[in-house]
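Novice: Structure: entry-v7.tsv, TSV, C-alpha atoms and all ligand atoms.
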```tsv
chain	number	residue	atom	x	y	z
A	1	MET	CA	34.30	-27.30	-16.48
A	2	SER	CA	33.16	-28.64	-13.15
A	3	SER	CA	35.08	-27.30	-10.16
A	4	PRO	CA	36.62	-29.71	-7.63
A	5	PRO	CA	34.38	-30.73	-4.73
A	6	ARG	CA	34.38	-28.34	-1.80
A	7	VAL	CA	35.11	-29.73	1.63
A	8	LEU	CA	34.48	-27.90	4.87
A	9	VAL	CA	37.20	-28.29	7.49
A	10	PRO	CA	36.24	-25.78	10.18
A	11	GLY	CA	39.20	-24.16	11.91
A	12	ALA	CA	41.83	-26.13	9.92
A	13	ARG	CA	45.21	-24.53	9.23
A	14	LEU	CA	45.31	-24.23	5.49
A	15	GLN	CA	48.95	-23.88	4.56
A	16	GLU	CA	50.90	-25.43	1.74
A	17	GLY	CA	52.04	-28.94	2.64
A	18	GLU	CA	49.65	-29.24	5.60
A	19	ARG	CA	47.88	-32.62	6.00
A	20	VAL	CA	44.30	-31.94	6.98
A	21	VAL	CA	42.15	-34.66	8.51
A	22	LEU	CA	38.70	-34.50	6.94
A	23	PRO	CA	35.59	-34.68	9.13
A	24	ASP	CA	34.01	-38.16	8.76
A	25	ALA	CA	30.86	-36.88	7.08
A	26	GLU	CA	32.92	-34.98	4.48
A	27	ALA	CA	35.18	-37.99	3.80
A	28	ARG	CA	32.10	-40.17	3.37
A	29	HIS	CA	30.55	-37.65	1.01
A	30	LEU	CA	33.68	-37.64	-1.18
A	31	ARG	CA	33.64	-41.44	-1.28
A	32	VAL	CA	30.00	-41.49	-2.33
A	33	SER	CA	30.75	-38.83	-4.97
A	34	ARG	CA	33.56	-41.10	-6.26
A	35	VAL	CA	36.40	-38.65	-5.84
A	36	SER	CA	39.46	-40.84	-6.36
A	37	PRO	CA	42.60	-40.90	-4.19
A	38	GLY	CA	44.91	-38.12	-5.33
A	39	GLY	CA	41.89	-36.24	-6.67
A	40	LYS	CA	41.65	-32.49	-6.36
A	41	VAL	CA	39.44	-30.93	-3.68
A	42	VAL	CA	38.96	-27.40	-2.41
A	43	LEU	CA	39.19	-27.02	1.37
A	44	LEU	CA	37.25	-24.28	3.13
A	45	ASP	CA	38.00	-23.34	6.75
A	46	GLY	CA	34.58	-21.68	7.00
A	47	ALA	CA	36.12	-18.36	8.01
A	48	GLY	CA	36.98	-17.28	4.48
A	49	VAL	CA	40.21	-19.14	3.63
A	50	ARG	CA	40.21	-21.56	0.68
A	51	ALA	CA	42.93	-23.94	-0.39
A	52	GLU	CA	43.50	-26.45	-3.14
A	53	ALA	CA	44.37	-29.91	-1.88
A	54	LEU	CA	44.83	-33.50	-3.01
A	55	LEU	CA	42.95	-36.35	-1.41
A	56	SER	CA	45.07	-38.98	0.37
A	57	ALA	CA	45.03	-42.67	-0.69
A	58	ASP	CA	42.64	-43.65	2.10
A	59	GLY	CA	40.39	-40.66	1.45
A	60	ARG	CA	40.52	-39.47	5.07
A	61	GLU	CA	42.97	-36.64	4.64
A	62	ALA	CA	43.89	-34.01	2.12
A	63	VAL	CA	47.27	-32.41	1.57
A	64	VAL	CA	47.19	-28.69	0.84
A	65	SER	CA	48.87	-27.81	-2.45
A	66	GLY	CA	48.33	-24.08	-2.18
A	67	LEU	CA	45.99	-21.30	-1.15
A	68	ALA	CA	43.19	-20.44	-3.55
A	69	PRO	CA	41.81	-16.96	-4.09
A	70	VAL	CA	38.75	-16.11	-2.00
A	71	ARG	CA	35.57	-16.24	-4.03
A	72	GLY	CA	31.89	-15.72	-3.59
A	73	GLU	CA	32.30	-13.15	-0.82
A	74	PRO	CA	30.67	-9.75	-1.18
A	75	GLN	CA	32.65	-6.71	-0.12
A	76	ARG	CA	30.02	-5.76	2.37
A	77	ARG	CA	29.26	-8.05	5.28
A	78	VAL	CA	25.55	-8.01	5.93
A	79	THR	CA	24.24	-9.29	9.26
A	80	VAL	CA	20.59	-10.33	9.16
A	81	LEU	CA	18.72	-9.65	12.41
A	82	LEU	CA	16.02	-12.20	11.80
A	83	GLY	CA	12.79	-12.18	13.78
A	84	VAL	CA	12.20	-15.81	14.64
A	85	GLY	CA	9.20	-17.46	13.00
A	86	GLU	CA	8.28	-21.05	12.26
A	87	LEU	CA	11.42	-23.21	12.09
A	88	ALA	CA	10.87	-24.20	8.44
A	89	ARG	CA	10.84	-20.51	7.47
A	90	VAL	CA	13.99	-19.78	9.47
A	91	GLU	CA	15.72	-22.75	7.81
A	92	TRP	CA	14.71	-21.50	4.39
A	93	ALA	CA	15.87	-17.97	5.23
A	94	VAL	CA	19.27	-19.28	6.38
A	95	GLU	CA	19.75	-21.45	3.29
A	96	LYS	CA	18.68	-18.89	0.72
A	97	GLY	CA	20.13	-15.97	2.68
A	98	THR	CA	23.50	-17.74	2.64
A	99	GLU	CA	23.24	-18.09	-1.14
A	100	CYS	CA	22.42	-14.39	-1.38
A	101	GLY	CA	25.56	-13.44	0.54
A	102	ALA	CA	24.56	-12.86	4.19
A	103	ALA	CA	27.58	-12.80	6.49
A	104	ARG	CA	25.73	-13.73	9.68
A	105	PHE	CA	22.27	-14.47	10.99
A	106	ALA	CA	21.49	-13.13	14.47
A	107	LEU	CA	18.16	-14.64	15.45
A	108	VAL	CA	15.87	-12.23	17.23
A	109	ALA	CA	13.32	-13.38	19.80
A	110	ALA	CA	10.96	-10.59	18.83
A	111	VAL	CA	7.92	-9.63	20.88
A	112	ARG	CA	5.66	-11.27	18.30
A	113	SER	CA	7.86	-14.35	17.80
A	114	GLN	CA	5.94	-17.30	19.18
A	115	ARG	CA	7.71	-18.80	22.19
A	116	ALA	CA	7.51	-22.28	20.72
A	117	HIS	CA	9.24	-21.04	17.56
A	118	VAL	CA	12.01	-19.36	19.56
A	119	ALA	CA	12.52	-22.54	21.58
A	120	ALA	CA	12.62	-24.62	18.38
A	121	ALA	CA	15.17	-22.32	16.74
A	122	ALA	CA	17.34	-22.28	19.89
A	123	ALA	CA	17.23	-26.08	20.05
A	124	LYS	CA	18.12	-26.43	16.36
A	125	LEU	CA	21.07	-24.05	16.12
A	126	ASP	CA	23.38	-26.89	15.07
A	127	ARG	CA	21.00	-27.84	12.31
A	128	LEU	CA	20.72	-24.20	11.17
A	129	ARG	CA	24.52	-23.93	11.12
A	130	ARG	CA	24.74	-27.12	9.06
A	131	ILE	CA	22.25	-25.68	6.61
A	132	ALA	CA	24.41	-22.54	6.30
A	133	ALA	CA	27.53	-24.69	5.79
A	134	GLU	CA	25.91	-26.82	3.09
A	135	ALA	CA	24.55	-23.76	1.32
A	136	ALA	CA	27.95	-22.03	1.46
A	137	LYS	CA	29.62	-25.06	-0.12
A	138	GLN	CA	26.91	-25.49	-2.70
A	139	CYS	CA	27.00	-21.88	-3.88
A	140	ASP	CA	30.81	-21.72	-3.78
A	141	ARG	CA	31.29	-19.11	-1.10
A	142	SER	CA	34.34	-18.96	1.11
A	143	LEU	CA	32.69	-17.96	4.39
A	144	VAL	CA	30.09	-19.94	6.29
A	145	PRO	CA	27.72	-17.44	7.89
A	146	ASP	CA	27.24	-18.02	11.59
A	147	VAL	CA	23.78	-18.47	13.06
A	148	LEU	CA	23.54	-16.95	16.53
A	149	ALA	CA	21.14	-17.97	19.29
A	150	PRO	CA	17.97	-15.89	19.65
A	151	LEU	CA	18.43	-12.55	21.43
A	152	PRO	CA	15.98	-9.76	22.19
A	153	LEU	CA	15.98	-7.11	19.45
A	154	ALA	CA	17.71	-4.53	21.70
A	155	ALA	CA	20.66	-6.88	22.25
A	156	GLY	CA	20.90	-7.76	18.56
A	157	VAL	CA	20.89	-4.08	17.64
A	158	ALA	CA	23.49	-3.24	20.31
A	159	LEU	CA	25.81	-6.00	19.09
A	160	TYR	CA	25.45	-5.76	15.32
A	161	GLY	CA	23.22	-2.89	14.39
A	162	ARG	CA	25.43	-0.12	13.07
A	163	PRO	CA	24.75	0.98	10.41
A	164	LEU	CA	21.30	-0.53	10.49
A	165	PHE	CA	18.49	-1.01	8.00
A	166	VAL	CA	14.99	-2.34	8.62
A	167	ALA	CA	12.68	-3.93	6.07
A	168	ARG	CA	9.40	-2.13	6.73
A	169	PRO	CA	6.28	-2.36	4.59
A	170	GLY	CA	5.21	1.09	3.37
A	171	ALA	CA	8.63	2.74	3.83
A	172	PRO	CA	10.39	4.38	0.85
A	173	ARG	CA	12.42	2.25	-1.53
A	174	LEU	CA	16.08	1.93	-0.68
A	175	ALA	CA	18.31	4.42	-2.45
A	176	PRO	CA	21.57	2.93	-3.73
A	177	GLY	CA	23.99	3.42	-0.85
A	178	ALA	CA	27.69	3.75	-0.25
A	179	ARG	CA	29.67	0.55	-0.63
A	180	GLY	CA	32.32	-1.12	1.36
A	181	PHE	CA	31.10	-0.97	4.93
A	182	ASP	CA	29.37	-3.65	6.95
A	183	VAL	CA	25.69	-3.26	7.71
A	184	ALA	CA	22.86	-5.06	9.48
A	185	VAL	CA	19.29	-5.47	8.33
A	186	ALA	CA	16.35	-6.27	10.57
A	187	VAL	CA	13.48	-8.40	9.25
A	188	GLY	CA	10.48	-8.94	11.50
A	189	PRO	CA	8.79	-12.22	12.47
A	190	GLU	CA	5.49	-13.38	11.00
A	191	GLY	CA	3.50	-10.75	12.91
A	192	GLY	CA	6.09	-8.01	12.21
A	193	PHE	CA	7.92	-5.99	14.88
A	194	ASP	CA	5.65	-4.38	17.47
A	195	ALA	CA	5.43	-0.62	17.98
A	196	ALA	CA	8.06	-0.53	20.75
A	197	GLU	CA	10.50	-2.50	18.61
A	198	GLU	CA	9.91	-0.24	15.61
A	199	ARG	CA	10.61	2.72	17.92
A	200	LEU	CA	13.78	1.08	19.19
A	201	LEU	CA	14.91	0.60	15.58
A	202	ASP	CA	14.13	4.25	14.76
A	203	GLU	CA	16.00	5.47	17.82
A	204	ALA	CA	18.99	3.32	16.82
A	205	GLY	CA	19.01	5.22	13.51
A	206	ALA	CA	17.78	2.32	11.38
A	207	VAL	CA	17.02	3.24	7.78
A	208	PRO	CA	13.60	1.78	6.88
A	209	PHE	CA	13.05	0.53	3.35
A	210	SER	CA	10.26	-1.16	1.42
A	211	LEU	CA	10.44	-4.38	-0.55
A	212	GLY	CA	7.45	-3.49	-2.69
A	213	GLY	CA	3.72	-3.20	-2.32
A	214	ARG	CA	3.01	-6.73	-1.08
A	215	ILE	CA	3.51	-8.26	2.35
A	216	LEU	CA	6.26	-10.84	2.03
A	217	ARG	CA	6.82	-13.82	4.28
A	218	LEU	CA	9.85	-13.30	6.46
A	219	GLU	CA	12.01	-15.70	4.45
A	220	THR	CA	11.12	-13.97	1.18
A	221	ALA	CA	11.87	-10.62	2.80
A	222	VAL	CA	15.34	-11.87	3.82
A	223	VAL	CA	16.16	-12.85	0.23
A	224	ALA	CA	14.77	-9.64	-1.27
A	225	ALA	CA	16.56	-7.45	1.30
A	226	LEU	CA	19.89	-9.20	0.73
A	227	VAL	CA	19.62	-8.79	-3.01
A	228	LEU	CA	19.32	-5.04	-2.40
A	229	LEU	CA	21.99	-4.72	0.27
A	230	VAL	CA	24.79	-7.10	-0.71
A	231	ASP	CA	27.05	-5.49	-3.28
A	232	ASP	CA	27.73	-8.34	-5.54
A	233	ASP	CA	30.79	-7.83	-7.56
A	234	ALA	CA	32.24	-10.83	-5.76
A	235	PRO	CA	34.69	-12.79	-7.91
B	1	LIG	N1	2.26	-8.89	9.57
B	1	LIG	C1	3.24	-7.93	9.25
B	1	LIG	C2	4.22	-8.44	8.19
B	1	LIG	C3	5.20	-9.42	8.67
B	1	LIG	S1	6.13	-10.02	7.34
B	1	LIG	C4	2.59	-6.69	8.67
B	1	LIG	O1	1.49	-6.79	8.19
B	1	LIG	O2	3.25	-5.65	8.67
B	1	LIG	C5	7.68	-10.28	8.12
B	1	LIG	C6	8.69	-9.20	7.90
B	1	LIG	O3	9.09	-9.16	6.56
B	1	LIG	C7	8.26	-7.78	8.23
B	1	LIG	O4	8.34	-7.50	9.60
B	1	LIG	C8	9.26	-6.96	7.42
B	1	LIG	O5	10.48	-6.82	8.10
B	1	LIG	C9	9.45	-7.82	6.20
B	1	LIG	N2	8.58	-7.44	5.09
B	1	LIG	C10	7.54	-8.14	4.57
B	1	LIG	N3	7.01	-7.50	3.50
B	1	LIG	C11	7.73	-6.36	3.33
B	1	LIG	C12	7.68	-5.28	2.40
B	1	LIG	N4	6.77	-5.23	1.42
B	1	LIG	N5	8.57	-4.29	2.54
B	1	LIG	C13	9.50	-4.30	3.52
B	1	LIG	N6	9.58	-5.29	4.43
B	1	LIG	C14	8.72	-6.32	4.34
```
Kindly return the structure encoded in the file as structure tokens.
Specialist:
Amino acid sequence: MSSPPRVLVPGARLQEGERVVLPDAEARHLRVSRVSPGGKVVLLDGAGVRAEALLSADGREAVVSGLAPVRGEPQRRVTVLLGVGELARVEWAVEKGTECGAARFALVAAVRSQRAHVAAAAAKLDRLRRIAAEAAKQCDRSLVPDVLAPLPLAAGVALYGRPLFVARPGAPRLAPGARGFDVAVAVGPEGGFDAAEERLLDEAGAVPFSLGGRILRLETAVVAALVLLVDDDAP
């Protein structure tokens, strides 16, 4: 059975009986997908609330028929502290990392992140957020992970890094951990974190773990790390 189309209405109040105006792009998408007036849709506010709704006759609004149970959200919220690399790799990491359950991406302007890559990521935050939104809809999550502007590693760690993990080649494998609390995981840029950054991570109590005996591209490392860290008994 195919589920009703999912429509993102950021910040909307999703209460029974509420008429919600759909963003133009979403209304257009429903038209192109031939969802008929009165057809069922699922509204997502992007912050974790889902509702069932019926499309209005003109296709521009939906009327909420009731709240729907949250789905697709892991118990543990994992923030990815992502060393900025080439934009295409960051985009891939955000798309696939969203599918793998990341709660948030805090971009890190690491010492070895190329300046041009940091500037490109900072200039394309809207695009990265759209990628996260599309991926969240596609994989039937309830929350759209935020993508935060590049910060130095120290600031990212101070804001999000407790408890903290770091994907580090050559470290021990991750032991299965306790569940239920929110964590952050740092993944370095193409050149890896430099020695001072690795020290900063150690001093912040980061638990280093290996993703196997090969050097992975940063976007592959994000996916592999999330598979290990997200506890996926999500409904
Ligand atoms: N040039 C660096 C690797 C950078 S890969 C080096 O040789 O060390 C980008 C990031 O992906 C790394 O900083 C690390 O966080 C993660 N990563 C890549 N391969 C990994 C592995 N086998 N185990 C753990 N982390 C890995």
Novice: Could you pull out the residues sitting within 7 Å of ligand LIG 1 (chain B), using all atoms listed in the file, and write them as a ChimeraX atom specification?
Specialist: /A:166-170,186-193,209-218,221
Novice: Which residues, written as a PDB file with C-alpha atoms, keeping the file's coordinate frame, have at least one atom at most 6 Å from stretch 109-117 of chain A, with only C-alpha atoms counted and residues fewer than 2 positions away on the same chain left out?
Specialist:
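Saved the output as out.pdb:
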```pdb
ATOM      1  CA  GLY A  83      12.790 -12.180  13.780  1.00  0.00           C
ATOM      2  CA  VAL A  84      12.200 -15.810  14.640  1.00  0.00           C
ATOM      3  CA  GLY A  85       9.200 -17.460  13.000  1.00  0.00           C
ATOM      4  CA  GLU A  86       8.280 -21.050  12.260  1.00  0.00           C
ATOM      5  CA  ALA A 119      12.520 -22.540  21.580  1.00  0.00           C
ATOM      6  CA  ALA A 120      12.620 -24.620  18.380  1.00  0.00           C
ATOM      7  CA  PRO A 150      17.970 -15.890  19.650  1.00  0.00           C
ATOM      8  CA  LEU A 151      18.430 -12.550  21.430  1.00  0.00           C
ATOM      9  CA  PRO A 152      15.980  -9.760  22.190  1.00  0.00           C
ATOM     10  CA  PRO A 189       8.790 -12.220  12.470  1.00  0.00           C
ATOM     11  CA  GLY A 191       3.500 -10.750  12.910  1.00  0.00           C
TER      12      GLY A 191
END
```
Novice: Between atom CA of A:Asp202 and atom CA of A:Val157, measure the distance and give it in Å to one decimal.
Specialist: 11.1 Å
Novice: Can you work out which one of A:Glu16, A:Glu203, A:Asp146, A:Glu95 has the shortest atom-to-atom distance to A:Glu134, counting only C-alpha atoms?
Specialist: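 Counting only C-alpha atoms, the residue closest to A:Glu134 is A:Glu95.
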Novice: Give me, please, the distance in Å between atom CA of A:Thr98 and atom CA of A:Ala12, quoted to one decimal.
Specialist: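 Taking atom CA of A:Thr98 and atom CA of A:Ala12, their separation equals 21.4 Å.
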